[in-house]
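Data block for run_13.cif (mmCIF, C-alpha atoms and all ligand atoms):
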data_structure
loop_
_atom_site.label_atom_id
_atom_site.label_comp_id
_atom_site.auth_asym_id
_atom_site.auth_seq_id
_atom_site.Cartn_x
_atom_site.Cartn_y
_atom_site.Cartn_z
CA MET H 28 14.64 208.97 229.30
CA THR H 29 17.58 209.47 227.07
CA LYS H 30 17.79 208.36 223.50
CA VAL H 31 20.22 205.64 224.47
CA SER H 32 18.17 204.14 227.25
CA ASN H 33 15.11 204.21 225.04
CA ARG H 34 16.93 202.11 222.50
CA VAL H 35 18.09 199.69 225.13
CA ILE H 36 14.56 199.32 226.37
CA GLY H 37 13.44 198.72 222.81
CA ILE H 38 15.72 195.72 222.51
CA ALA H 39 14.65 194.34 225.84
CA GLY H 40 11.09 194.35 224.66
CA TRP H 41 12.02 192.13 221.78
CA GLY H 42 12.49 188.99 223.74
CA LEU H 43 9.75 189.46 226.26
CA GLY H 44 6.84 190.75 224.29
CA LEU H 45 7.09 194.13 225.97
CA ALA H 46 7.39 196.06 222.73
CA PRO H 47 3.76 197.22 222.58
CA ALA H 48 3.89 198.66 226.09
CA LEU H 49 7.11 200.45 225.27
CA ALA H 50 6.19 201.54 221.78
CA LEU H 51 6.31 205.22 222.65
CA ALA H 52 9.77 204.87 224.13
CA ALA H 53 11.17 202.63 221.40
CA PRO H 54 12.99 204.12 218.40
CA ALA H 55 11.17 204.52 215.11
CA ARG H 56 13.88 202.50 213.38
CA PRO H 57 12.88 198.82 213.32
CA PRO H 58 15.43 196.15 214.10
CA THR H 59 17.13 194.64 211.04
CA PRO H 60 16.78 192.01 209.86
CA PRO H 61 13.11 191.76 210.81
CA PRO H 62 12.34 189.60 213.83
CA ALA H 63 10.98 186.90 211.51
CA ALA H 64 14.48 186.16 210.26
CA ILE H 65 15.66 185.76 213.83
CA ALA H 66 12.65 183.72 214.81
CA ALA H 67 13.70 181.23 212.14
CA ILE H 68 16.89 180.68 214.08
CA GLY H 69 15.36 180.32 217.48
CA VAL H 70 12.94 181.75 220.00
CA PRO H 71 14.35 183.67 222.98
CA GLY H 72 13.67 182.25 226.40
CA VAL H 73 11.52 183.92 229.01
CA ASP H 74 14.57 185.88 230.16
CA GLY H 75 15.01 187.36 226.67
CA ARG H 76 18.20 185.45 225.92
CA LEU H 77 18.66 183.35 222.79
CA PHE H 78 20.95 180.35 223.30
CA GLY H 79 22.43 182.16 226.28
CA HIS H 80 23.15 185.39 224.40
CA LEU H 81 21.69 188.69 225.54
CA PRO H 82 19.84 190.94 223.08
CA TYR H 83 21.49 194.09 221.74
CA VAL H 84 20.47 196.87 219.38
CA GLU H 85 22.83 197.82 216.58
CA ALA H 86 24.53 201.19 216.63
CA LEU H 87 23.45 203.80 214.13
CA PRO H 88 25.81 204.29 211.18
CA ASP H 89 26.81 207.77 212.31
CA GLU H 90 27.71 206.52 215.78
CA VAL H 91 30.66 204.44 214.63
CA VAL H 92 33.93 205.62 213.16
CA VAL H 93 36.83 203.89 211.48
CA VAL H 94 39.58 203.07 213.94
CA ALA H 95 43.23 203.50 213.01
CA PRO H 96 43.68 202.86 209.27
CA GLY H 97 45.18 199.44 208.65
CA PHE H 98 44.04 198.06 211.99
CA GLY H 99 41.05 196.19 210.58
CA ILE H 100 41.82 192.99 208.71
CA GLY H 101 40.20 192.91 205.28
CA VAL H 102 37.70 195.64 206.08
CA PRO H 103 38.05 198.79 208.19
CA CYS H 104 37.35 198.36 211.88
CA ARG H 105 34.49 200.60 212.98
CA MET H 106 33.60 201.31 216.58
CA GLN H 107 31.79 203.84 218.73
CA ARG H 108 33.81 207.05 218.86
CA ASP H 109 34.71 206.84 222.54
CA ALA H 110 35.71 203.21 222.26
CA ALA H 111 37.75 203.94 219.15
CA ALA H 112 39.71 206.64 220.96
CA ASP H 113 40.68 204.21 223.70
CA LEU H 114 41.51 201.52 221.18
CA VAL H 115 43.98 203.88 219.54
CA ARG H 116 45.40 204.56 222.99
CA LEU H 117 45.72 200.82 223.56
CA LEU H 118 47.56 200.33 220.29
CA ASP H 119 49.92 203.15 221.23
CA GLY H 120 50.46 201.50 224.58
CA ALA H 121 51.49 198.30 222.84
CA LYS H 122 54.20 200.07 220.91
CA GLY H 123 57.61 199.05 222.10
CA VAL H 124 56.36 195.82 223.68
CA PRO H 125 58.26 192.89 222.14
CA GLY H 126 55.98 190.43 220.39
CA VAL H 127 53.04 192.79 220.68
CA ALA H 128 53.98 196.03 218.93
CA GLY H 129 52.30 196.27 215.55
CA ARG H 130 50.87 192.76 215.77
CA LEU H 131 47.42 193.46 217.20
CA LYS H 132 44.78 193.72 214.49
CA GLY H 133 41.02 193.93 214.32
CA VAL H 134 39.47 190.69 213.06
CA SER H 135 35.95 192.00 213.55
CA CYS H 136 34.57 195.12 215.16
CA TYR H 137 31.14 196.72 214.62
CA ARG H 138 28.76 194.35 212.90
CA THR H 139 25.22 195.20 211.85
CA VAL H 140 22.48 192.75 212.74
CA ALA H 141 22.24 191.85 209.05
CA HIS H 142 25.97 191.13 208.96
CA GLN H 143 25.62 189.09 212.12
CA LEU H 144 22.98 186.96 210.41
CA ALA H 145 25.43 186.22 207.63
CA VAL H 146 28.21 185.41 210.09
CA PHE H 147 25.96 183.19 212.17
CA CYS H 148 24.45 181.28 209.30
CA HIS H 149 27.32 181.14 206.83
CA PRO H 150 25.98 182.34 203.46
CA GLY H 151 26.01 179.47 201.02
CA ARG H 152 25.69 176.95 203.82
CA ARG H 153 22.90 178.84 205.52
CA GLY H 154 20.53 175.93 205.84
CA ILE H 155 23.15 173.67 207.34
CA ALA H 156 24.66 176.18 209.72
CA CYS H 157 21.35 177.48 210.97
CA ARG H 158 20.09 174.02 211.67
CA ASP H 159 23.02 173.79 214.03
CA ALA H 160 22.12 177.07 215.67
CA VAL H 161 22.50 175.81 219.23
CA LEU H 162 25.99 174.55 218.50
CA ARG H 163 26.89 177.63 216.52
CA ALA H 164 25.75 179.87 219.36
CA HIS H 165 28.46 178.55 221.63
CA SER H 166 30.94 180.71 219.76
CA VAL H 167 28.85 183.20 217.76
CA GLY H 168 26.01 185.42 218.89
CA PRO H 169 22.81 185.06 216.88
CA PRO H 170 21.74 188.19 214.95
CA GLY H 171 20.26 190.68 217.38
CA PHE H 172 22.15 189.05 220.23
CA SER H 173 25.75 190.07 219.62
CA GLU H 174 27.82 192.68 221.44
CA HIS H 175 29.39 193.53 218.08
CA ALA H 176 26.19 195.26 217.00
CA THR H 177 26.63 197.89 219.69
CA GLY H 178 29.90 199.16 218.24
CA TYR H 179 31.60 198.67 221.58
CA ALA H 180 33.06 195.19 221.02
CA LEU H 181 35.84 193.83 218.90
CA ASP H 182 37.78 190.65 218.19
CA PHE H 183 41.54 190.99 218.23
CA GLY H 184 43.75 188.94 215.96
CA ILE H 185 47.50 188.72 215.50
CA ARG H 186 49.48 189.35 212.37
CA PRO H 187 51.40 187.46 211.30
CA THR H 188 49.26 184.73 212.76
CA GLY H 189 52.05 182.24 213.32
CA ALA H 190 50.70 179.04 214.83
CA CYS H 191 47.64 180.71 216.32
CA ARG H 192 44.80 181.45 213.97
CA ASP H 193 42.08 184.03 214.50
CA VAL H 194 39.31 183.53 217.06
CA ASP H 195 41.13 180.65 218.73
CA PRO H 196 41.77 180.45 222.48
CA CYS H 197 45.45 179.97 221.72
CA ILE H 198 45.68 183.76 221.50
CA ALA H 199 45.76 183.76 225.30
CA ASP H 200 49.14 182.03 225.18
CA THR H 201 50.72 184.48 222.76
CA PRO H 202 52.64 187.57 223.90
CA ALA H 203 49.95 189.78 222.36
CA GLY H 204 47.12 187.86 223.98
CA LYS H 205 48.84 187.88 227.35
CA TRP H 206 49.48 191.59 227.05
CA LEU H 207 45.78 192.17 226.40
CA LEU H 208 44.77 190.15 229.45
CA ASP H 209 47.19 192.18 231.55
CA HIS H 210 46.64 195.63 230.10
CA ALA H 211 43.41 195.96 228.08
CA PRO H 212 41.43 197.10 231.16
CA GLU H 213 43.82 200.05 231.48
CA TYR H 214 42.28 201.26 228.22
CA GLY H 215 38.69 200.58 229.10
CA PHE H 216 38.28 197.08 227.68
CA GLU H 217 37.09 194.02 229.59
CA LEU H 218 36.79 190.38 228.52
CA SER H 219 33.14 189.60 227.86
CA PHE H 220 33.31 185.82 227.87
CA PRO H 221 35.87 184.50 230.36
CA GLU H 222 36.67 180.83 230.74
CA GLY H 223 33.84 178.90 232.33
CA ASN H 224 31.41 181.83 232.11
CA ALA H 225 27.92 181.15 233.40
CA GLN H 226 26.45 182.56 230.21
CA GLY H 227 27.39 179.34 228.44
CA VAL H 228 29.42 181.06 225.74
CA THR H 229 32.77 179.57 224.86
CA TRP H 230 35.90 181.21 226.30
CA GLU H 231 36.78 184.05 223.94
CA PRO H 232 40.11 185.63 224.93
CA TRP H 233 39.99 187.56 221.67
CA HIS H 234 36.64 189.31 222.29
CA TRP H 235 36.71 192.53 224.29
CA ARG H 236 34.04 195.11 224.98
CA TRP H 237 34.65 198.72 225.88
CA VAL H 238 33.09 200.21 229.01
CA GLY H 239 35.68 202.93 229.72
CA THR H 240 38.32 203.00 232.40
CA SER H 241 35.91 204.70 234.78
CA ILE H 242 32.28 205.75 234.82
CA ASP H 243 33.48 209.34 234.43
CA GLU H 244 35.14 208.76 231.09
CA PRO H 245 33.17 210.23 228.16
CA GLY H 246 30.82 207.62 226.77
CA ALA H 247 31.47 205.13 229.55
CA ALA H 248 28.12 205.62 231.28
CA ARG H 249 26.34 204.93 228.03
CA ALA H 250 28.39 201.82 227.29
CA ARG H 251 27.83 200.53 230.81
CA LEU H 252 24.11 201.03 230.39
CA VAL H 253 24.18 198.99 227.20
CA PHE H 254 26.04 196.19 229.00
CA ALA H 255 24.36 196.62 232.38
CA ARG H 256 22.62 193.29 232.41
CA ALA H 257 25.63 191.39 231.06
CA ARG H 258 27.92 192.97 233.63
CA SER H 259 25.52 192.35 236.45
CA GLN H 260 24.66 188.74 235.70
CA PHE H 261 27.76 187.52 233.88
CA PRO H 262 30.80 189.50 235.04
CA ALA H 263 33.71 189.89 232.69
CA SER H 264 37.20 188.74 233.61
CA PRO H 265 39.30 190.74 233.62
CA MET H 266 36.62 193.23 234.44
CA ILE H 267 36.49 196.95 235.13
CA SER H 268 34.90 198.27 238.29
CA ASP H 269 31.99 200.66 238.16
CA GLY H 270 33.29 203.14 240.67
CA PRO H 271 34.85 206.40 239.48
CA ALA H 272 38.50 206.09 238.54
CA GLN H 273 38.88 202.67 240.08
CA ALA H 274 41.55 200.32 238.89
CA ALA H 275 40.65 197.41 236.71
CA GLN H 276 40.25 194.09 238.48
CA SER H 277 41.38 190.73 237.29
CA GLY H 278 39.88 187.42 238.23
CA ARG H 279 36.26 186.69 238.81
CA ALA H 280 35.36 189.49 241.12
CA GLY H 281 31.81 190.03 242.26
CA PRO H 282 29.29 191.73 240.03
CA PRO H 283 29.45 195.51 239.76
CA ALA H 284 26.91 197.54 241.66
CA ILE H 285 24.53 198.52 238.89
CA VAL H 286 20.96 199.68 239.23
CA LEU H 287 19.00 198.09 236.42
CA LEU H 288 16.41 200.34 234.87
CA PRO H 289 12.86 199.21 234.31
CA GLY H 290 12.61 197.35 231.05
CA MET H 291 16.28 196.35 230.91
CA TYR H 292 15.27 192.72 230.66
ZN ZN W 1 33.53 188.82 219.10
#

Render the structure in this file as structure tokens.
Ligand SMILES: [Zn+2]
Amino acid sequence: MTKVSNRVIGIAGWGLGLAPALALAAPARPPTPPPAAIAAIGVPGVDGRLFGHLPYVEALPDEVVVVAPGFGIGVPCRMQRDAAADLVRLLDGAKGVPGVAGRLKGVSCYRTVAHQLAVFCHPGRRGIACRDAVLRAHSVGPPGFSEHATGYALDFGIRPTGACRDVDPCIADTPAGKWLLDHAPEYGFELSFPEGNAQGVTWEPWHWRWVGTSIDEPGAARARLVFARARSQFPASPMISDGPAQAAQSGRAGPPAIVLLPGMY
């Protein structure tokens, strides 16, 4: 097994009590924050999901790089190298497009599990927000259950914001948001949580995950392994096909043909 698949299996074991059986395959690095902090928020179901969200392991610090300087809002946007390269390509592709050029920014990119805990529970209001975990989970992944931890996902925002604030579905009606829906798959990005998704997560036209334009693209096989279960059970829209060098598809197409490895759940 590769290092990557081992780590994926490690996270699957979290929710299903499989960790002991997979101890030899799991990474030495423990998940952070410790499972106890996550258990205080909620207990995953028998399918390993917590409030509908699938479990993910955070990327190692040396796996993520800072994307184009100035792209991240407030803090630098960090992503997996291969995803970052395509994001730069996407931003170049937006140049010259009225209403889009120079306006796409990174609201949030790679987030550690510890950071996700803070985002999910709102420091300072932690008790209140975490008591509303079920409600909160409609729009935010609990720590350990967010695509952002993988380094392959990001939230786009628009600057200046105009009438549409960050992480609001109204982005889909802006020139920049429309351009993303039409063109992001050309750069390897697909929309994780489309409208009416069966996963039960709110429609997030600002949240995109990278899986590469084709399985042959460097890093794409790894990213698709990380998101194998999500892509199989809850297809993105627009989504990217799994075949080599196939064009991106829009609409709710059928699930990609993925062979799930033992322990993926
Ligand atoms: Zn997001």

(request) Select the residues contacting ligand ZN 1 (chain W) at a distance of at most 7 Å, based on only C-alpha atoms and all ligand atoms, then format the selection as a count of residues only. (result) 6

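Closest approach to Glu85 of chain H among H:Pro262, H:Pro245, H:Pro196, H:Gly171: H:Gly171, based on all atoms listed in the file.
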
(request) To one decimal in Å, tell me the separation between atom CA of Trp237 of chain H and atom CA of Ser219 of chain H. (result) 9.5 Å

(request) Give the answer as one residue: which of H:Ser173, H:Thr139, H:Gln107, H:Gln260 has the shortest atom-to-atom distance to Ala225 of chain H, using only C-alpha atoms? (result)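 Among the listed residues, H:Gln260 lies closest to Ala225 of chain H.
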
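Nearest to Asp243 of chain H of all the residues H:Arg138, H:Gly99, H:Gly215, H:Glu222 is H:Gly215, counting only C-alpha atoms.
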
(message) Under the rule that only C-alpha atoms are counted, which of H:Ser259, H:Asp195, H:Ile65, H:Leu252 is the nearest residue to Cys157 of chain H?
(response)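 Counting only C-alpha atoms, the residue closest to Cys157 of chain H is H:Ile65.
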
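Using all atoms listed in the file, the nearest neighbour of Cys148 of chain H within the list H:Val92, H:Val134, H:Val167, H:Ile198 is H:Val167.
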
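Closest to Gly223 of chain H among H:Val115, H:Ile185, H:Pro82, H:His165 is H:His165, based on only C-alpha atoms.
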
(request) Give me the residues within 10 Å of Thr188 of chain H as a list in words, counting all atoms listed in the file and dropping any in the same chain fewer than 3 places off. (result)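 Skipping anything fewer than 3 positions along the chain leaves Arg130, Leu131, Gly184, Ile185, Cys191, Arg192, Asp193 and Ile198 of chain H.
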